[in-house]
file entry.txt (compact mmCIF, C-alpha atoms and all ligand atoms)
# COMPACT_ATOMS: atom_id res chain seq x y z
CA MET A 22 -15.60 15.68 -2.23
CA LEU A 23 -14.80 12.15 -3.30
CA ILE A 24 -13.77 11.64 -6.91
CA GLU A 25 -15.41 9.61 -9.66
CA LYS A 26 -13.86 6.34 -10.79
CA PRO A 27 -10.96 7.28 -13.11
CA SER A 28 -11.52 6.30 -16.72
CA ASP A 29 -8.14 7.39 -18.10
CA LEU A 30 -5.82 4.88 -16.44
CA PRO A 31 -3.81 2.30 -18.39
CA THR A 32 -5.72 -0.97 -18.74
CA THR A 33 -3.78 -2.86 -21.42
CA GLN A 34 -0.62 -0.83 -22.11
CA ILE A 35 1.50 2.03 -20.87
CA ASN A 36 3.76 4.05 -23.17
CA GLY A 37 3.08 1.51 -25.93
CA GLU A 38 4.25 -1.39 -23.74
CA PRO A 39 1.72 -4.09 -22.79
CA LEU A 40 0.95 -4.47 -19.10
CA LYS A 41 2.17 -7.71 -17.55
CA SER A 42 -0.36 -10.47 -17.05
CA PHE A 43 -1.78 -10.90 -13.55
CA SER A 44 -0.12 -14.30 -13.10
CA SER A 45 3.30 -13.10 -14.19
CA ILE A 46 3.04 -10.13 -11.80
CA MET A 47 2.31 -12.54 -8.96
CA LEU A 48 4.92 -15.12 -9.95
CA ASP A 49 7.80 -12.99 -11.18
CA ARG A 50 7.77 -10.12 -8.67
CA ARG A 51 10.77 -10.28 -6.37
CA ALA A 52 11.77 -7.97 -3.55
CA THR A 53 14.42 -5.94 -5.39
CA ARG A 54 17.82 -5.71 -3.74
CA GLY A 55 19.24 -2.66 -5.49
CA PHE A 56 18.05 0.01 -7.91
CA THR A 57 19.54 2.00 -10.79
CA SER A 58 19.07 5.78 -10.78
CA GLU A 59 16.76 5.65 -13.83
CA PRO A 60 13.80 7.86 -12.96
CA VAL A 61 10.24 6.57 -12.79
CA PRO A 62 8.24 8.63 -15.34
CA GLU A 63 5.62 10.84 -13.68
CA GLU A 64 2.93 9.25 -15.82
CA TYR A 65 3.78 5.84 -14.31
CA LEU A 66 3.96 7.18 -10.78
CA SER A 67 0.64 8.95 -11.05
CA ALA A 68 -1.04 5.81 -12.45
CA ILE A 69 0.46 3.69 -9.64
CA LEU A 70 -0.90 6.07 -7.01
CA ARG A 71 -4.30 6.42 -8.64
CA LEU A 72 -4.71 2.67 -9.14
CA GLY A 73 -3.43 1.82 -5.67
CA THR A 74 -5.87 4.17 -3.98
CA GLN A 75 -8.78 2.32 -5.58
CA ALA A 76 -8.13 -0.29 -2.87
CA PRO A 77 -11.02 -1.24 -0.60
CA SER A 78 -11.19 -0.24 3.06
CA GLY A 79 -13.62 -0.81 5.92
CA TYR A 80 -16.64 1.49 5.47
CA ASN A 81 -14.62 3.04 2.61
CA PHE A 82 -12.89 5.21 5.23
CA GLN A 83 -9.54 5.13 3.34
CA PRO A 84 -7.45 5.80 6.46
CA TRP A 85 -4.19 6.18 4.54
CA ARG A 86 -1.66 8.74 3.42
CA PHE A 87 1.29 8.30 1.06
CA ILE A 88 4.43 10.42 1.03
CA VAL A 89 6.22 10.17 -2.31
CA VAL A 90 9.92 10.68 -1.69
CA GLN A 91 12.01 11.51 -4.77
CA GLU A 92 14.45 14.30 -3.88
CA GLU A 93 17.91 12.92 -3.23
CA GLU A 94 18.27 14.70 0.10
CA GLN A 95 14.92 13.36 1.29
CA ARG A 96 15.79 9.82 0.17
CA LYS A 97 19.00 10.06 2.21
CA ARG A 98 17.02 11.21 5.25
CA LEU A 99 14.70 8.27 4.78
CA GLN A 100 17.64 5.90 4.41
CA ALA A 101 19.05 7.18 7.72
CA ALA A 102 15.71 6.32 9.37
CA ALA A 103 15.62 2.91 7.65
CA PHE A 104 18.68 1.26 9.18
CA ASN A 105 20.72 2.67 6.33
CA GLN A 106 19.30 0.23 3.77
CA PRO A 107 21.05 1.29 0.53
CA LYS A 108 18.03 0.68 -1.68
CA VAL A 109 16.13 3.44 0.12
CA SER A 110 18.40 6.11 -1.34
CA GLU A 111 19.13 4.24 -4.59
CA ALA A 112 15.53 3.92 -5.73
CA PRO A 113 14.28 7.00 -7.59
CA VAL A 114 10.96 6.77 -5.73
CA VAL A 115 10.13 5.56 -2.25
CA ILE A 116 6.58 5.76 -0.97
CA ILE A 117 6.04 6.04 2.77
CA ALA A 118 2.66 4.51 3.62
CA VAL A 119 1.01 6.03 6.69
CA GLY A 120 -2.18 4.93 8.44
CA MET A 121 -4.27 7.63 10.14
CA LYS A 122 -5.69 6.41 13.45
CA ARG A 123 -8.19 9.15 14.24
CA GLU A 124 -8.99 11.18 11.16
CA TRP A 125 -11.75 8.80 9.98
CA LYS A 126 -13.98 10.19 12.72
CA GLU A 127 -13.94 13.55 10.97
CA THR A 128 -14.29 12.25 7.41
CA ALA A 129 -16.88 9.52 8.07
CA ARG A 130 -19.88 11.72 7.24
CA GLU A 131 -18.33 13.02 4.04
CA VAL A 132 -17.54 9.45 2.93
CA MET A 133 -21.07 8.23 3.66
CA GLU A 134 -22.81 11.18 2.07
CA GLU A 135 -20.63 11.07 -1.01
CA GLY A 136 -21.15 7.31 -1.30
CA LYS A 137 -24.86 7.96 -1.23
CA ARG A 138 -24.47 10.60 -3.95
CA PHE A 139 -22.67 7.98 -6.06
CA GLY A 140 -25.58 5.61 -5.49
CA ALA A 141 -23.65 3.26 -3.19
CA GLY A 142 -24.28 2.31 0.41
CA SER A 143 -27.17 2.71 2.73
CA GLY A 144 -29.49 5.69 2.72
CA ASP A 145 -29.38 6.14 6.48
CA VAL A 146 -26.08 7.92 6.92
CA ASP A 147 -26.50 8.55 10.67
CA ALA A 148 -27.25 4.90 11.35
CA VAL A 149 -24.22 3.70 9.37
CA ILE A 150 -21.95 6.21 11.08
CA SER A 151 -23.08 5.30 14.56
CA GLY A 152 -22.68 1.58 13.74
CA ALA A 153 -19.20 2.20 12.36
CA PHE A 154 -18.13 4.23 15.38
CA ALA A 155 -19.48 1.61 17.79
CA PHE A 156 -17.49 -1.06 15.97
CA LEU A 157 -14.29 0.87 15.41
CA ASP A 158 -14.11 2.24 18.95
CA HIS A 159 -13.36 -1.35 19.97
CA GLN A 160 -10.71 -2.04 17.33
CA PRO A 161 -7.03 -1.63 18.09
CA MET A 162 -6.28 1.29 15.78
CA GLU A 163 -2.71 0.27 14.95
CA MET A 164 -3.98 -3.03 13.62
CA TRP A 165 -6.94 -1.42 11.87
CA VAL A 166 -4.92 1.15 9.92
CA ASN A 167 -2.31 -1.45 9.05
CA ARG A 168 -5.00 -3.75 7.68
CA HIS A 169 -6.26 -1.12 5.29
CA THR A 170 -3.11 0.73 4.39
CA MET A 171 -1.36 -2.50 3.36
CA ILE A 172 -4.07 -3.21 0.80
CA ALA A 173 -3.47 0.12 -0.94
CA PHE A 174 0.28 -0.34 -0.55
CA THR A 175 0.16 -3.81 -2.09
CA SER A 176 -2.07 -2.56 -4.91
CA MET A 177 0.56 0.10 -5.70
CA MET A 178 3.32 -2.50 -5.62
CA LEU A 179 1.43 -4.74 -8.05
CA ALA A 180 0.51 -1.81 -10.32
CA ALA A 181 4.19 -0.84 -10.54
CA GLU A 182 5.07 -4.43 -11.40
CA ALA A 183 2.33 -4.48 -14.05
CA PHE A 184 4.05 -1.51 -15.68
CA GLY A 185 7.35 -3.44 -15.83
CA LEU A 186 8.95 -1.61 -12.87
CA ASP A 187 10.72 -3.27 -9.96
CA THR A 188 9.68 -2.85 -6.35
CA ALA A 189 10.89 -3.45 -2.79
CA PRO A 190 8.50 -3.44 0.19
CA MET A 191 10.21 -2.57 3.47
CA GLU A 192 9.52 -2.77 7.17
CA GLY A 193 13.11 -2.10 8.19
CA PHE A 194 12.76 1.45 9.51
CA ASP A 195 12.50 3.27 12.80
CA ALA A 196 8.96 4.60 12.76
CA ALA A 197 9.66 7.41 15.25
CA LYS A 198 12.57 8.65 13.13
CA VAL A 199 10.52 8.48 9.91
CA LYS A 200 7.72 10.42 11.60
CA GLU A 201 10.04 13.13 12.77
CA ALA A 202 11.96 13.45 9.51
CA PHE A 203 8.83 13.67 7.36
CA ASP A 204 6.55 15.78 9.60
CA ILE A 205 4.06 12.94 10.07
CA PRO A 206 1.41 13.89 12.65
CA GLU A 207 1.17 12.07 15.96
CA GLU A 208 -1.85 9.98 14.93
CA GLY A 209 0.02 8.71 11.83
CA GLU A 210 1.25 5.11 11.92
CA VAL A 211 4.17 4.45 9.58
CA VAL A 212 3.09 1.18 7.98
CA ALA A 213 5.66 0.34 5.31
CA LEU A 214 8.00 1.75 2.66
CA LEU A 215 7.74 0.92 -1.04
CA ALA A 216 10.77 1.48 -3.26
CA ILE A 217 10.01 1.65 -6.99
CA GLY A 218 12.45 1.81 -9.90
CA ARG A 219 14.59 -0.45 -12.04
CA ALA A 220 16.60 -3.31 -10.57
CA LYS A 221 20.32 -2.79 -10.99
CA SER A 222 21.13 -6.49 -11.04
CA PRO A 223 19.17 -9.67 -11.82
CA ASP A 224 16.51 -10.55 -9.28
CA LYS A 225 17.53 -12.61 -6.29
CA ALA A 226 16.55 -16.26 -6.47
CA TYR A 227 12.98 -17.24 -5.69
CA PRO A 228 13.05 -17.92 -1.94
CA GLY A 229 10.24 -20.49 -1.83
CA ARG A 230 6.80 -20.55 -0.28
CA PHE A 231 5.00 -22.92 2.08
CA PRO A 232 2.90 -25.47 0.20
CA LEU A 233 -0.85 -25.03 0.55
CA GLU A 234 -1.19 -28.14 2.69
CA ARG A 235 0.76 -26.36 5.43
CA ILE A 236 -1.13 -23.09 5.39
CA VAL A 237 -4.61 -23.61 3.96
CA TYR A 238 -7.37 -25.43 5.80
CA ARG A 239 -10.87 -26.41 4.87
CA GLU A 240 -13.75 -25.15 7.00
CA ARG A 241 -11.82 -24.99 10.29
CA PHE A 242 -8.31 -24.28 11.47
CA GLY A 243 -6.11 -27.35 11.17
CA ALA A 244 -8.45 -29.38 8.94
CA PRO A 245 -6.65 -30.45 5.75
CA PHE A 246 -7.72 -28.56 2.65
CA ASP A 247 -7.07 -31.53 0.36
CA LYS A 248 -9.75 -34.12 0.94
C1 LIG B 301 5.97 -5.74 4.51
C2 LIG B 301 7.31 -6.21 4.06
C3 LIG B 301 8.44 -5.68 4.64
C4 LIG B 301 9.71 -6.04 4.17
N1 LIG B 301 10.81 -5.39 4.68
C5 LIG B 301 12.02 -5.59 4.11
C6 LIG B 301 13.12 -4.78 4.48
O1 LIG B 301 13.02 -3.88 5.31
N2 LIG B 301 14.31 -5.02 3.89
C7 LIG B 301 14.46 -5.99 2.95
O2 LIG B 301 15.58 -6.16 2.44
N3 LIG B 301 13.42 -6.75 2.54
C8 LIG B 301 12.20 -6.58 3.09
N4 LIG B 301 11.11 -7.30 2.66
C9 LIG B 301 11.29 -8.26 1.56
C10 LIG B 301 11.11 -9.71 2.01
O3 LIG B 301 12.27 -10.15 2.64
C11 LIG B 301 10.75 -10.53 0.78
O4 LIG B 301 9.53 -10.07 0.26
C12 LIG B 301 10.64 -12.00 1.12
O5 LIG B 301 11.90 -12.53 1.48
C13 LIG B 301 10.10 -12.82 -0.03
O6 LIG B 301 10.85 -12.59 -1.21
P1 LIG B 301 10.14 -12.12 -2.54
O7 LIG B 301 9.39 -10.88 -2.23
O8 LIG B 301 11.26 -11.85 -3.51
O9 LIG B 301 9.27 -13.23 -3.01
C14 LIG B 301 9.85 -7.00 3.14
C15 LIG B 301 8.68 -7.58 2.61
C16 LIG B 301 7.44 -7.18 3.05
C17 LIG B 301 6.23 -7.78 2.40
call {"tool": "encode", "arguments": {"input": "entry.txt", "output": "structure tokens"}}
result
Amino acid sequence: MLIEKPSDLPTTQINGEPLKSFSSIMLDRRATRGFTSEPVPEEYLSAILRLGTQAPSGYNFQPWRFIVVQEEEQRKRLQAAAFNQPKVSEAPVVIIAVGMKREWKETAREVMEEGKRFGAGSGDVDAVISGAFAFLDHQPMEMWVNRHTMIAFTSMMLAAEAFGLDTAPMEGFDAAKVKEAFDIPEEGEVVALLAIGRAKSPDKAYPGRFPLERIVYRERFGAPFDK
């Protein structure tokens, strides 16, 4: 069973504190270098997970799993599999984002039928499923699960920032070691780690971004965006 759209999530404030504006989330978020041990309240964590998993995915297949690591011993195990990055054991919460490369084949029908029950999608479930399978059988699955899982991951990161928490996305880990230490099945692709908590020192300096003229084109690759 798929669930209804949640109606009880924070939209303007959490614990009496206003949520950050969208622009300040985007501008003021920095990859946090170190965390205090202050716990993340369960209410915040649950809202982050529930908001993040509203992310879109191809065919709504939602090929993701999230392991919430909070116990100190488990955070140390994760740190050992993450090139010993101190923030992995410092942060009170680290989420391991995992993409599932095969499971969508088993859940496709449920997703389509439930979508239909919600009044979304096409009526011809068999036709949509066979179209999806024909398409996805030609996609490199590592890339495909990364594409989707990172949207949910990023949504969680931005939700945490909206609640005034600090975050650190990480790719510095040994995927095989993370899989073994956290019982991740063979088809699971470890996509990224997200540390959430409170920064223990001021944010690092803004590291700069490429200007749009170097990375945005108009109509075709290489054509200047600014006319
Ligand atoms: C997917 C991803 C993986 C990253 N992995 C690491 C990491 O393993 N260790 C680390 O210290 N920073 C990591 N970073 C942080 C980046 O270095 C940082 O986001 C980048 O320098 C830009 O800085 P800003 O996020 O503060 O704007 C990662 C960022 C992303 C998006």
call {"tool": "closest_residue", "arguments": {"input": "entry.txt", "among": "A:Val149, A:Val114, A:Ala189, A:Leu233", "to": "Gly55 of chain A", "atoms": "only C-alpha atoms"}}
result
A:Ala189
call {"tool": "residues_around", "arguments": {"input": "entry.txt", "residues": "Tyr65 of chain A", "least_positions_apart": "3", "cutoff": "10 Å", "atoms": "all atoms listed in the file", "output": "PyMOL selection string"}}
result
chain A and resi 30-31+35-36+61-62+68-71+180-181+184+186
call {"tool": "residues_around", "arguments": {"input": "entry.txt", "residues": "Leu214 of chain A", "least_positions_apart": "4", "cutoff": "7 Å", "atoms": "all atoms listed in the file", "output": "MDAnalysis selection string"}}
result
chainID A and resid 115:118 190:192
call {"tool": "write_last_selection", "arguments": {"input": "entry.txt", "atoms": "C-alpha atoms", "output": "JSON list (two decimals), in the frame of the given file"}}
result
[["chain", "number", "residue", "atom", "x", "y", "z"],
["A", 115, "VAL", "CA", 10.13, 5.56, -2.25],
["A", 116, "ILE", "CA", 6.58, 5.76, -0.97],
["A", 117, "ILE", "CA", 6.04, 6.04, 2.77],
["A", 118, "ALA", "CA", 2.66, 4.51, 3.62],
["A", 190, "PRO", "CA", 8.50, -3.44, 0.19],
["A", 191, "MET", "CA", 10.21, -2.57, 3.47],
["A", 192, "GLU", "CA", 9.52, -2.77, 7.17]]
call {"tool": "atom_distance", "arguments": {"input": "entry.txt", "atom1": "atom CA of Ile88 of chain A", "atom2": "atom CA of Asp195 of chain A"}}
result
16.0 Å
call {"tool": "closest_atom_pairs", "arguments": {"input": "entry.txt", "of": "chain A", "to": "ligand LIG 301 (chain B)", "cutoff": "7 Å", "atoms": "only C-alpha atoms and all ligand atoms", "output": "CSV"}}
result
residue,atom,partner,partner_atom,distance
A:Arg50,CA,B:LIG301,O8,6.5
A:Arg51,CA,B:LIG301,O8,3.3
A:Ala52,CA,B:LIG301,O8,3.9
A:Thr53,CA,B:LIG301,O8,7.0
A:Arg54,CA,B:LIG301,O2,6.6
A:Ala189,CA,B:LIG301,C9,6.5
A:Pro190,CA,B:LIG301,C15,4.8
A:Met191,CA,B:LIG301,N1,3.1
A:Glu192,CA,B:LIG301,N1,3.8
A:Gly193,CA,B:LIG301,O1,3.4
A:Phe194,CA,B:LIG301,O1,6.8
A:Ala213,CA,B:LIG301,C1,6.1
A:Lys225,CA,B:LIG301,O8,6.9
A:Tyr227,CA,B:LIG301,O8,6.1
A:Pro228,CA,B:LIG301,O6,5.8
call {"tool": "residues_around", "arguments": {"input": "entry.txt", "residues": "segment 132-148 of chain A", "least_positions_apart": "2", "cutoff": "8 Å", "atoms": "all atoms listed in the file", "output": "PyMOL selection string"}}
result
chain A and resi 22-23+81-82+128-130+150-152
call {"tool": "closest_residue", "arguments": {"input": "entry.txt", "among": "A:Lys200, A:Lys108, A:Arg230, A:Arg241", "to": "Leu215 of chain A", "atoms": "only C-alpha atoms"}}
result
A:Lys108
call {"tool": "atom_distance", "arguments": {"input": "entry.txt", "atom1": "atom CA of Met177 of chain A", "atom2": "atom CA of Thr74 of chain A"}}
result
7.8 Å
call {"tool": "atom_distance", "arguments": {"input": "entry.txt", "atom1": "atom CA of Val166 of chain A", "atom2": "atom CA of Gln75 of chain A"}}
result
16.0 Å
call {"tool": "closest_residue", "arguments": {"input": "entry.txt", "among": "A:Thr188, A:Ala103, A:Gly209, A:Arg123", "to": "Phe174 of chain A", "atoms": "all atoms listed in the file"}}
result
A:Thr188
call {"tool": "closest_residue", "arguments": {"input": "entry.txt", "among": "A:Leu48, A:Val89, A:Ala196, A:Leu157", "to": "Ala216 of chain A", "atoms": "all atoms listed in the file"}}
result
A:Val89
